[in-house]
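These notes are about the structure you will find just below.
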Amino acid sequence: MRGVTRRLMLLDTASLYFRAYFGVPDSVKAPDGTPVNAVRGLLDFIDRLVKDHRPDDLVACMDADWRPQWRVDLIPSYKAHRVAVETGTGPDEEEVPDTLSPQVPVIEDVLDALGIARVGVEGYEADDVIGTFTGRATGPVDIVTGDRDLYQLVDDKRGVRVLYPLKGVGTLQLTDETWLREKYGVDGSGYADLALLRGDPSDGLPGVPGIGEKTAAKLLDAFGDLAGIMTAVDDPKSGLTPSQRRRLDESRPYVALAPEVVRVAGDVPLPDVDTALPHTPRDPAALDALAARWGLGGSLQRLLTTLDT
C-alpha cells in the first residue's frame, strides 16, 4: 500500500481455513496425532494465491469478534443459530468443529512467524477489517473469501474484486461488476441492498417476506437503491404491486436497522502493521519449531519457496 501500482490481497482467513478444514482429509496430522488439515490446507491456499496473483501486500484478516454486539443489538437474530456458548460477559462462542478449534492458534502462530500481517480488531468481524483496508487502499485490491457478503465491496473503478473459491483456491471466480450485473442485476454498491431485501438465513437475516432475489433485483433496477424503494412505498403511482407495497411497509422496522448490520464497516481502527508480503520469515527459529511440532512439512516449504521468489 505504498503506491498506486501495489496490489493488496486481503484474506478472509476464517472463511479460508474452514474451507481448508473440510477440503483436506483429517488424516493429515501432526507427529502426535493432532489433526492439522486446516493449518496445512491454509498454507497451501496462500502458496497458490501468491503464485497465481503475486500481491505486493498481504493481510490475513481475522474475526476478533464473529458476532459483534452492536450488530446483535440491532437485529437479535444475527448469527444466533451459530452460537454454541453464550458467555454473558464477552463475545459468544461460535459453533466450530471440535478438531478445528485447536488449529486456529497454530495458524495464528505460523502466520506471525512467517511475517504475514494478521489483523483482527476487537468488536469487529474480518469483513469489517477487509472493508476498512479496502477503503484506504490506493491501488488494486483482491479480496479472497468464500463469503458473498463481500461482493458489496467490488468496484471496477478502484480495481477492487473478489476472488471467490469454487474448488480449493485453484479455481477462483473473479468477481467484478460485470459478473455481478450478469448474475444478480446489481453492481457492488447495490449488492448490500439486494442481500438486505432478500435476507440471508446463514446470517440470521430475515429479509423482507415475499421479496426474493429476483424481485429485489427488479426493485433496485426500477428505483435505484433501498432508499428509492422505500420512497416508492409512499407513492401510490410508483408501480409497486399491492403485495410488494404492503410487505415493504410492514418491514419498515427491519429495513431501518438492517443496513448497518449488512454493510461492512469502513471505519475500523486498524493497527499500524507492515502489510508487505514477506520474502523471508520474520522469526525463523519459531517457524522451525512450529514446523517440527506440527509436522507442517511440504506445505510450509512450498510457501517459503514461493515467498522467496
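Residue numbering restarts at 1 for every chain of the C-alpha cells, chains are lettered A, B, ... in their displayed order, and ligands are numbered from 1 as they appear.
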
For Gly190 (chain A), list every protein, DNA or RNA residue within 8 Å, evaluated using only C-alpha atoms, and leave out those in the same chain fewer than 6 positions away; present the list as a PyMOL selection string. chain A and resi 152+220+225

Those same residues - C-alpha atoms - I'd like them written as a PDB file, in the first residue's frame.
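Final output, selection17.pdb:
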ATOM      1  CA  GLN A 152     -20.623  -5.278  -1.839  1.00  0.00           C
ATOM      2  CA  LEU A 220     -33.395  -1.993  -7.317  1.00  0.00           C
ATOM      3  CA  ASP A 225     -31.442   1.800  -4.199  1.00  0.00           C
TER       4      ASP A 225
END

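The residue set within 12 Å of Asp235 (chain A), counting only C-alpha atoms and dropping same-chain residues fewer than 6 places from it, reads Phe223, Gly228, Ile229, Thr241, Pro242, Arg245 and Asp249 of chain A.
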
Compile the contact shell of Glu250 (chain A) as a PyMOL selection string: residues with an atom at most 12 Å away, counting only C-alpha atoms, same-chain residues fewer than 2 positions apart removed. chain A and resi 207-210+230+233+243-248+252-256

Generate a file of the selected residues that holds C-alpha atoms, formatted as a PDB file, in the first residue's frame.
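Written out: result36.pdb:
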ATOM      1  CA  GLY A 207     -35.143 -10.142   4.754  1.00  0.00           C
ATOM      2  CA  VAL A 208     -38.480  -8.767   3.561  1.00  0.00           C
ATOM      3  CA  PRO A 209     -41.079 -11.584   3.359  1.00  0.00           C
ATOM      4  CA  GLY A 210     -42.047 -12.331  -0.214  1.00  0.00           C
ATOM      5  CA  MET A 230     -38.899   2.822   0.415  1.00  0.00           C
ATOM      6  CA  VAL A 233     -43.821   2.631  -0.920  1.00  0.00           C
ATOM      7  CA  SER A 243     -48.418  -7.072  -2.172  1.00  0.00           C
ATOM      8  CA  GLN A 244     -44.941  -5.542  -2.512  1.00  0.00           C
ATOM      9  CA  ARG A 245     -46.125  -2.253  -1.029  1.00  0.00           C
ATOM     10  CA  ARG A 246     -47.720  -3.989   1.955  1.00  0.00           C
ATOM     11  CA  ARG A 247     -44.746  -6.238   2.678  1.00  0.00           C
ATOM     12  CA  LEU A 248     -42.227  -3.423   2.418  1.00  0.00           C
ATOM     13  CA  ARG A 252     -40.009  -0.774   7.844  1.00  0.00           C
ATOM     14  CA  PRO A 253     -38.527  -1.532  11.309  1.00  0.00           C
ATOM     15  CA  TYR A 254     -36.236  -4.177   9.796  1.00  0.00           C
ATOM     16  CA  VAL A 255     -35.332  -2.037   6.771  1.00  0.00           C
ATOM     17  CA  ALA A 256     -34.421   0.878   9.040  1.00  0.00           C
TER      18      ALA A 256
END

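Residues in contact range of region 272-288 of chain A, defined as at most 9 Å between only C-alpha atoms, with sequence neighbours fewer than 2 positions away removed, read A:Met1, A:Leu8, A:Pro55, A:Asp56, A:Asp57, A:Leu58, A:Val59, A:Asp109, A:Val110, A:Asp112, A:Ala113, A:Leu114, A:Gly115, A:Ile116, A:Ala117, A:Arg118, A:Val119, A:Leu270, A:Leu290, A:Ala291, A:Ala292, A:Arg293, A:Leu304, A:Thr305, A:Thr306, A:Leu307, A:Asp308, A:Thr309.
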
Strand (DSSP E) positions in region 102-267 of chain A, given as number ranges by chain: A: 117-119, 141-144, 160-167, 171-175

Excluding region 176-189 of chain A and any residue of its chain fewer than 2 positions from it, enumerate the residues within 10 Å of it, using only C-alpha atoms, and give them as an MDAnalysis selection string. chainID A and resid 150:157 159:163 173:174 191:194 213:214 216:218 220:221 224:225 263

Select from region 25-154 of chain A everything DSSP, run on the backbone, classes as helix (DSSP H, G or I), then give the selection as a VMD selection string. chain A and resid 37 to 53 69 to 74 80 to 82 103 to 114 126 to 136 148 to 153

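Separating CA of Gly170 (chain A) from CA of Pro105 (chain A) is a distance of 25.5 Å.
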
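Minimum atom-to-atom distances from A:Arg71, A:Arg136, A:Lys51, A:Arg40 to Asp26 (chain A) were compared using only C-alpha atoms, and the lowest value belongs to A:Arg40.
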
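Across A:Arg198, A:Arg67, A:His53, A:Lys29, the tightest approach to Asp128 (chain A) is made by A:Arg67 when counting only C-alpha atoms.
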
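Compared by their closest atoms to Asp63 (chain A), and using only C-alpha atoms, the residues A:Val121, A:Leu226, A:Ala80, A:Ile46 rank with A:Val121 nearest.
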
Identify, on the basis of only C-alpha atoms, every residue whose closest approach to Val144 (chain A) does not exceed 8 Å; exclude the query and any residue fewer than 6 positions from it along the same chain; express the result as a PDB file with all heavy atoms, in the first residue's frame.
ATOM      1  N   MET A   9      -3.683  -7.869  -1.321  1.00  0.00           N
ATOM      2  CA  MET A   9      -4.553  -9.039  -1.193  1.00  0.00           C
ATOM      3  C   MET A   9      -5.014  -9.155   0.250  1.00  0.00           C
ATOM      4  O   MET A   9      -4.194  -9.119   1.182  1.00  0.00           O
ATOM      5  CB  MET A   9      -3.830 -10.315  -1.620  1.00  0.00           C
ATOM      6  CG  MET A   9      -4.673 -11.578  -1.462  1.00  0.00           C
ATOM      7  SD  MET A   9      -3.879 -13.062  -2.166  1.00  0.00           S
ATOM      8  CE  MET A   9      -4.240 -12.798  -3.911  1.00  0.00           C
ATOM      9  N   LEU A  10      -6.332  -9.277   0.438  1.00  0.00           N
ATOM     10  CA  LEU A  10      -6.921  -9.386   1.766  1.00  0.00           C
ATOM     11  C   LEU A  10      -7.571 -10.759   1.902  1.00  0.00           C
ATOM     12  O   LEU A  10      -8.436 -11.125   1.092  1.00  0.00           O
ATOM     13  CB  LEU A  10      -7.970  -8.289   1.973  1.00  0.00           C
ATOM     14  CG  LEU A  10      -7.451  -6.848   1.855  1.00  0.00           C
ATOM     15  CD1 LEU A  10      -8.618  -5.869   1.819  1.00  0.00           C
ATOM     16  CD2 LEU A  10      -6.510  -6.521   3.018  1.00  0.00           C
ATOM     17  N   LEU A  11      -7.155 -11.512   2.898  1.00  0.00           N
ATOM     18  CA  LEU A  11      -7.686 -12.856   3.119  1.00  0.00           C
ATOM     19  C   LEU A  11      -8.767 -12.827   4.195  1.00  0.00           C
ATOM     20  O   LEU A  11      -8.543 -12.320   5.299  1.00  0.00           O
ATOM     21  CB  LEU A  11      -6.577 -13.812   3.567  1.00  0.00           C
ATOM     22  CG  LEU A  11      -5.317 -13.894   2.708  1.00  0.00           C
ATOM     23  CD1 LEU A  11      -4.356 -14.923   3.307  1.00  0.00           C
ATOM     24  CD2 LEU A  11      -5.655 -14.241   1.267  1.00  0.00           C
ATOM     25  N   ASP A  12      -9.930 -13.366   3.870  1.00  0.00           N
ATOM     26  CA  ASP A  12     -10.953 -13.629   4.869  1.00  0.00           C
ATOM     27  C   ASP A  12     -10.542 -14.957   5.511  1.00  0.00           C
ATOM     28  O   ASP A  12     -11.001 -16.030   5.119  1.00  0.00           O
ATOM     29  CB  ASP A  12     -12.320 -13.713   4.189  1.00  0.00           C
ATOM     30  CG  ASP A  12     -13.456 -13.937   5.168  1.00  0.00           C
ATOM     31  OD1 ASP A  12     -13.199 -13.993   6.381  1.00  0.00           O
ATOM     32  OD2 ASP A  12     -14.613 -14.082   4.707  1.00  0.00           O
ATOM     33  N   VAL A 162     -13.426  -9.512  -5.978  1.00  0.00           N
ATOM     34  CA  VAL A 162     -13.461 -10.629  -5.038  1.00  0.00           C
ATOM     35  C   VAL A 162     -13.030 -11.894  -5.768  1.00  0.00           C
ATOM     36  O   VAL A 162     -13.524 -12.190  -6.864  1.00  0.00           O
ATOM     37  CB  VAL A 162     -14.879 -10.813  -4.439  1.00  0.00           C
ATOM     38  CG1 VAL A 162     -14.987 -12.151  -3.715  1.00  0.00           C
ATOM     39  CG2 VAL A 162     -15.203  -9.674  -3.482  1.00  0.00           C
ATOM     40  N   LEU A 163     -12.102 -12.617  -5.165  1.00  0.00           N
ATOM     41  CA  LEU A 163     -11.694 -13.931  -5.664  1.00  0.00           C
ATOM     42  C   LEU A 163     -12.409 -14.965  -4.793  1.00  0.00           C
ATOM     43  O   LEU A 163     -12.069 -15.149  -3.625  1.00  0.00           O
ATOM     44  CB  LEU A 163     -10.180 -14.094  -5.570  1.00  0.00           C
ATOM     45  CG  LEU A 163      -9.322 -12.973  -6.177  1.00  0.00           C
ATOM     46  CD1 LEU A 163      -7.846 -13.310  -6.058  1.00  0.00           C
ATOM     47  CD2 LEU A 163      -9.698 -12.718  -7.629  1.00  0.00           C
ATOM     48  N   TYR A 164     -13.420 -15.592  -5.391  1.00  0.00           N
ATOM     49  CA  TYR A 164     -14.289 -16.500  -4.638  1.00  0.00           C
ATOM     50  C   TYR A 164     -13.916 -17.934  -4.974  1.00  0.00           C
ATOM     51  O   TYR A 164     -14.044 -18.359  -6.127  1.00  0.00           O
ATOM     52  CB  TYR A 164     -15.750 -16.216  -5.002  1.00  0.00           C
ATOM     53  CG  TYR A 164     -16.765 -17.011  -4.225  1.00  0.00           C
ATOM     54  CD1 TYR A 164     -17.312 -16.506  -3.050  1.00  0.00           C
ATOM     55  CD2 TYR A 164     -17.180 -18.272  -4.659  1.00  0.00           C
ATOM     56  CE1 TYR A 164     -18.260 -17.229  -2.331  1.00  0.00           C
ATOM     57  CE2 TYR A 164     -18.120 -18.996  -3.952  1.00  0.00           C
ATOM     58  CZ  TYR A 164     -18.651 -18.468  -2.788  1.00  0.00           C
ATOM     59  OH  TYR A 164     -19.579 -19.196  -2.073  1.00  0.00           O
ATOM     60  N   PRO A 165     -13.435 -18.710  -3.994  1.00  0.00           N
ATOM     61  CA  PRO A 165     -13.009 -20.088  -4.284  1.00  0.00           C
ATOM     62  C   PRO A 165     -14.181 -20.983  -4.663  1.00  0.00           C
ATOM     63  O   PRO A 165     -15.169 -21.066  -3.937  1.00  0.00           O
ATOM     64  CB  PRO A 165     -12.382 -20.544  -2.959  1.00  0.00           C
ATOM     65  CG  PRO A 165     -12.150 -19.298  -2.157  1.00  0.00           C
ATOM     66  CD  PRO A 165     -13.217 -18.348  -2.583  1.00  0.00           C
TER      67      PRO A 165
END
